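Undergrad: Quick one: this structure, given as structure tokens, is what I'll be asking you about.
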Amino acid sequence: MKSPWKLKQQPKSLCPSSATATSYKRGRPTQWDVSKGGGDDKNSSRSFNIYIPTNFCSGVSVSQQEDDTHPLRIILAIHGYGGKPAQEIQKWKGVAESLNSIIIAPMGTETIESHKLGWNAVECCGDPVLNEIDDLDFVIHGVMDVFLNQFIDRDSSSIHVIATGFSNGGFFTSLLGIVKDRPEWLVGIVPTGGYQYDASAYLNTHRPLAVFMHHGGRDSVVNPNGCCIANEAKQRNNGSKSNCSFNIGVKQESCQPAQSVFHLWSSINGCSSDNSGSRSINEEFGDNSVASECLKGNDCIEPTNFCMWTNEGHSWGGAFPGIEMMKPWMKDVFVRAEKKSLEQQSDKRDIDTSYAMGKSIFMSLPAVLVLLGFLSVAYMFLKRRNFIRKSHKRKNSEVRQILDEEMVFLSKENEMEAITTGIKMTE
């Protein structure tokens with residue numbers, strides 16, 4: 001995870017290994033400052049906040065910190081245009097505490113005229129788009145790589161990140177999901193109140209990813225039916241060149257509804273269908289009831305969901321009504337990713353074992369060849385010796401046969417001589 005971005009502060013440990021060791025505070029945000037190269041401009045000096053759950057260290061031993069296969073859960077929370085990291089941490093810290101997940105909340109760059117922080121998320125918003133700030137590089141390498149590099153060179157399969165964001169942050173979260181070189185650690189996205197419009201980008205995305213989209217049914221800032229060029233002045237929103245505020249979607253000739261993008265994700269995730277799970281639900285929050293229309297993909301490779309919050313506008317993002325709904329969904333995504341990670345690690349161990357055995361055999365091959373050569377020479381020697389012994393036996397047998405024949409011949413010759421002698425004596 002090498003990165004040109006560097007941490008400005010002295011790094012601390014996530015969980016202290018001793019009573020005297022320094023660590024980051026748990027249960028409250030901490031700001032990290034990073035810089036890229038030797039640049040002095042504001043875009044090469046950035047910051048992000050982290051939130052470590054109160055009981056994070058009680059659930060993670062020192063040995064597990066050092067174990068690069070131990071899973072690490074992270075919620076990457078991207079603020080909206082004009083928002084701040086602290087707002088996202090406040091929104092998600094209850095979920096983080098429940099799931100024992102770290103929150104990382106980056107800070108965008110400022111638009112000079114409005115003094116609002118934002119992101120270059122292609123479709124939105126402000127100076128970061130006009131100045132073509134490379135926020136993907138900052139978030140992927142300046143935030144995530146820097147954070148992870150401070151602790152351990154982990155196996156990437158053990159790091160699981162769910163990205164979420166509202167409005168401008170929703171656009172950026174959506175962008176993270178369809179970027180060409182999507183990071184391996186990204187296992188899910190939750191774009192709320194903003195999403196990417198370019199259909200071709202989705203069609204060129206072939207790796208499944210867990211997705212839960214949310215949008216306000218009465219959103220007047222980011223139209224739930226999509227943002228695009230407004231040809232007629234009466235269709236324009238507050239002087240914008242598009243039908244949405246802040247020139248959102250001005251690069252698009254036609255509008256892409258939120259539900260259409262959900263269907264695109266259903267296709268990416270191999271869902272057999274994405275409408276039979278449609279249902280109207282009322283989310284209960286104390287004395288309040290929030291109506292929503294939700295869709296769920298069926299038989300998907302990864303969870304694929306969408307909720308349209310019927311009567312909500314754009315201001316709902318700060319007090320996201322679907323937060324309770326997201327807790328079990330995020331838990332399911334993390335657990336699925338961790339299970340897959342364990343399977344990959346098991347397969348890797350099997351491959352490593354097979355490789356080690358093959359290497360051992362290969363390394364001992366010269367000795368085996370020497371042994372085989374020795375055995376071959378010994379075999380030939382024994383074979384030759386046996387042949388000689390057989391030859392000797394055959395020759396000895398032939399000699400004995402000749403001698404026996406000689407003895408028989410001599411015996412017969414003696415008998416004839418005796419007969420002849422007897423005849424002479426008779427005469």
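Within each chain, counting starts at residue 1; across the structure tokens, chains are named A, B, ... in the order shown, with ligands numbered 1 upward in that order.
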Find the residues near His214 of chain A: any atom within 8 Å, counting only C-alpha atoms, skip ones fewer than 3 places away on the same chain, and give them as a list in words.
TA: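 Near His214 of chain A, the qualifying residues are Val190, Pro191, Thr192, Gly193, Phe306, Cys307, Met308 and Trp309 of chain A.
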Undergrad: Fewer than 2 positions away in the same chain doesn't count, so skip those; otherwise give me all residues within 12 Å of Ser45 of chain A, counting only C-alpha atoms, as a list in words.
TA: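 What passes the distance filter is Pro4, Trp5, Lys6, Leu7, Lys8, Trp32, Asp33, Val34, Ser35, Lys36, Gly37, Gly38, Gly39, Asp40, Asp41, Lys42, Asn43, Ser47, Phe48, Met107, Gly108, Thr109, Phe138, Gly142 and Val143 of chain A.
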Undergrad: Fewer than 3 positions away in the same chain doesn't count, so skip those; otherwise give me all residues within 12 Å of segment 99-101 of chain A, counting only C-alpha atoms, as a PyMOL selection string.
TA: chain A and resi 26-27+50-60+71-77+89+92-96+104+159-162+326-335
Undergrad: Which residues, written as a ChimeraX atom specification, have at least one atom at most 12 Å from Ser266 of chain A, with only C-alpha atoms counted and residues fewer than 5 positions away on the same chain left out?
TA: /A:202-203,205-213,259-261,271-275,295-306
Undergrad: Write down as a VMD selection string the residues belonging to segment 295-333 of chain A that are assigned strand (DSSP E or B) by DSSP computed on the backbone.
TA: chain A and resid 295 to 296 298 304 to 309
Undergrad: What does the file look like for those residues with C-alpha atoms, as a PDB file, in the first residue's frame?
TA:
```pdb
ATOM      1  CA  LEU A 295     -36.801  -2.329  -3.798  1.00  0.00           C
ATOM      2  CA  LYS A 296     -34.634  -5.380  -3.233  1.00  0.00           C
ATOM      3  CA  ASN A 298     -33.414 -11.193  -5.692  1.00  0.00           C
ATOM      4  CA  THR A 304     -28.702  -4.841  -3.833  1.00  0.00           C
ATOM      5  CA  ASN A 305     -31.237  -2.430  -2.342  1.00  0.00           C
ATOM      6  CA  PHE A 306     -32.932   0.908  -2.967  1.00  0.00           C
ATOM      7  CA  CYS A 307     -35.266   3.050  -0.853  1.00  0.00           C
ATOM      8  CA  MET A 308     -37.148   6.133  -1.995  1.00  0.00           C
ATOM      9  CA  TRP A 309     -38.141   8.124   1.085  1.00  0.00           C
TER      10      TRP A 309
END
```
Undergrad: Would you mind listing what lies within 10 Å of Ser114 of chain A as a list in words, with only C-alpha atoms counted and same-chain residues fewer than 6 positions away left out?
TA: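 The filter keeps Gly82, Gly126 and Asp127 of chain A.
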Undergrad: Can you tell me how far atom CA of Gly118 of chain A sits from atom CA of Asn168 of chain A, in Å to one decimal?
TA: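 Computing it gives 6.8 Å between the two atoms.
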Undergrad: Record the distance separating atom CA of His115 of chain A and atom CA of Val222 of chain A, expressed in Å with one decimal.
TA: 20.5 Å
Undergrad: One number please: atom CA of Tyr81 of chain A to atom CA of Leu117 of chain A, in Å, one decimal.
TA: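 Between these atoms lies a distance of 5.7 Å.
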Undergrad: Looking only at the backbone, which of the residues in segment 142-182 of chain A does DSSP tag as alpha helix (DSSP H), as a list of chain:residue names?
TA: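 DSSP-assigned alpha helix (DSSP H) residues in segment 142-182 of chain A: A:Val146, A:Phe147, A:Leu148, A:Asn149, A:Asn168, A:Gly169, A:Gly170, A:Phe171, A:Phe172, A:Thr173, A:Ser174, A:Leu175, A:Leu176, A:Gly177, A:Ile178.
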Undergrad: Can you write out the residues you just picked, keeping all heavy atoms, as a CSV table (one decimal), in the first residue's frame?
TA:
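The result, stored in part_37.csv:
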```csv
chain,number,residue,atom,x,y,z
A,146,VAL,N,-2.7,5.7,3.8
A,146,VAL,CA,-2.0,6.3,4.9
A,146,VAL,C,-2.5,5.7,6.2
A,146,VAL,O,-1.7,5.3,7.0
A,146,VAL,CB,-2.1,7.9,4.9
A,146,VAL,CG1,-1.6,8.4,6.2
A,146,VAL,CG2,-1.3,8.5,3.7
A,147,PHE,N,-3.8,5.7,6.4
A,147,PHE,CA,-4.3,5.1,7.6
A,147,PHE,C,-3.9,3.7,7.9
A,147,PHE,O,-3.4,3.3,8.9
A,147,PHE,CB,-5.8,5.2,7.6
A,147,PHE,CG,-6.5,4.5,8.8
A,147,PHE,CD1,-6.5,5.2,10.0
A,147,PHE,CD2,-7.0,3.3,8.8
A,147,PHE,CE1,-7.1,4.6,11.2
A,147,PHE,CE2,-7.6,2.7,9.9
A,147,PHE,CZ,-7.6,3.4,11.1
A,148,LEU,N,-4.0,2.8,6.8
A,148,LEU,CA,-3.7,1.4,7.0
A,148,LEU,C,-2.2,1.2,7.1
A,148,LEU,O,-1.8,0.3,7.8
A,148,LEU,CB,-4.2,0.7,5.8
A,148,LEU,CG,-5.8,0.7,5.7
A,148,LEU,CD1,-6.2,0.0,4.3
A,148,LEU,CD2,-6.4,-0.1,6.8
A,149,ASN,N,-1.4,2.0,6.5
A,149,ASN,CA,0.1,1.9,6.5
A,149,ASN,C,0.7,2.2,7.9
A,149,ASN,O,1.8,1.8,8.2
A,149,ASN,CB,0.8,2.7,5.5
A,149,ASN,CG,0.6,2.2,4.1
A,149,ASN,OD1,0.3,1.0,3.9
A,149,ASN,ND2,0.8,3.0,3.1
A,168,ASN,N,-23.4,15.6,-2.3
A,168,ASN,CA,-22.1,15.6,-3.0
A,168,ASN,C,-21.3,14.4,-2.5
A,168,ASN,O,-20.6,13.7,-3.3
A,168,ASN,CB,-21.3,16.9,-2.6
A,168,ASN,CG,-20.0,17.1,-3.4
A,168,ASN,OD1,-19.2,17.9,-3.1
A,168,ASN,ND2,-19.8,16.3,-4.4
A,169,GLY,N,-21.4,14.0,-1.2
A,169,GLY,CA,-20.8,12.8,-0.7
A,169,GLY,C,-21.4,11.6,-1.3
A,169,GLY,O,-20.7,10.5,-1.5
A,170,GLY,N,-22.7,11.6,-1.6
A,170,GLY,CA,-23.4,10.5,-2.3
A,170,GLY,C,-22.9,10.3,-3.7
A,170,GLY,O,-22.7,9.2,-4.1
A,171,PHE,N,-22.7,11.4,-4.4
A,171,PHE,CA,-22.1,11.3,-5.7
A,171,PHE,C,-20.7,10.7,-5.7
A,171,PHE,O,-20.4,9.9,-6.6
A,171,PHE,CB,-22.1,12.7,-6.4
A,171,PHE,CG,-23.4,13.3,-6.9
A,171,PHE,CD1,-24.1,14.2,-6.2
A,171,PHE,CD2,-23.9,12.8,-8.1
A,171,PHE,CE1,-25.3,14.7,-6.6
A,171,PHE,CE2,-25.0,13.3,-8.6
A,171,PHE,CZ,-25.8,14.3,-7.9
A,172,PHE,N,-19.9,11.1,-4.7
A,172,PHE,CA,-18.6,10.6,-4.6
A,172,PHE,C,-18.6,9.2,-4.2
A,172,PHE,O,-17.8,8.4,-4.8
A,172,PHE,CB,-17.7,11.5,-3.6
A,172,PHE,CG,-16.3,11.1,-3.7
A,172,PHE,CD1,-15.5,11.7,-4.6
A,172,PHE,CD2,-15.7,10.3,-2.7
A,172,PHE,CE1,-14.1,11.4,-4.7
A,172,PHE,CE2,-14.4,10.0,-2.8
A,172,PHE,CZ,-13.6,10.5,-3.8
A,173,THR,N,-19.4,8.8,-3.3
A,173,THR,CA,-19.5,7.4,-2.9
A,173,THR,C,-19.9,6.5,-4.1
A,173,THR,O,-19.3,5.4,-4.3
A,173,THR,CB,-20.6,7.2,-1.8
A,173,THR,OG1,-20.2,7.9,-0.7
A,173,THR,CG2,-20.8,5.7,-1.4
A,174,SER,N,-20.8,7.0,-4.9
A,174,SER,CA,-21.3,6.3,-6.1
A,174,SER,C,-20.1,6.1,-7.1
A,174,SER,O,-19.9,5.1,-7.7
A,174,SER,CB,-22.4,7.0,-6.8
A,174,SER,OG,-22.9,6.3,-7.9
A,175,LEU,N,-19.3,7.2,-7.2
A,175,LEU,CA,-18.1,7.2,-8.1
A,175,LEU,C,-17.1,6.2,-7.6
A,175,LEU,O,-16.5,5.5,-8.5
A,175,LEU,CB,-17.5,8.6,-8.1
A,175,LEU,CG,-16.3,8.8,-9.0
A,175,LEU,CD1,-16.6,8.5,-10.4
A,175,LEU,CD2,-15.7,10.2,-8.8
A,176,LEU,N,-16.9,6.0,-6.3
A,176,LEU,CA,-16.0,5.0,-5.8
A,176,LEU,C,-16.4,3.6,-6.3
A,176,LEU,O,-15.5,2.7,-6.5
A,176,LEU,CB,-15.9,5.0,-4.3
A,176,LEU,CG,-15.0,6.0,-3.6
A,176,LEU,CD1,-15.2,6.0,-2.1
A,176,LEU,CD2,-13.5,5.7,-3.9
A,177,GLY,N,-17.7,3.4,-6.4
A,177,GLY,CA,-18.2,2.0,-6.7
A,177,GLY,C,-18.0,1.7,-8.2
A,177,GLY,O,-17.9,0.5,-8.5
A,178,ILE,N,-17.9,2.7,-9.1
A,178,ILE,CA,-17.8,2.4,-10.5
A,178,ILE,C,-16.4,2.8,-11.1
A,178,ILE,O,-16.2,2.7,-12.3
A,178,ILE,CB,-18.9,3.0,-11.3
A,178,ILE,CG1,-18.9,4.6,-11.1
A,178,ILE,CG2,-20.3,2.5,-10.9
A,178,ILE,CD1,-19.9,5.3,-12.0
```
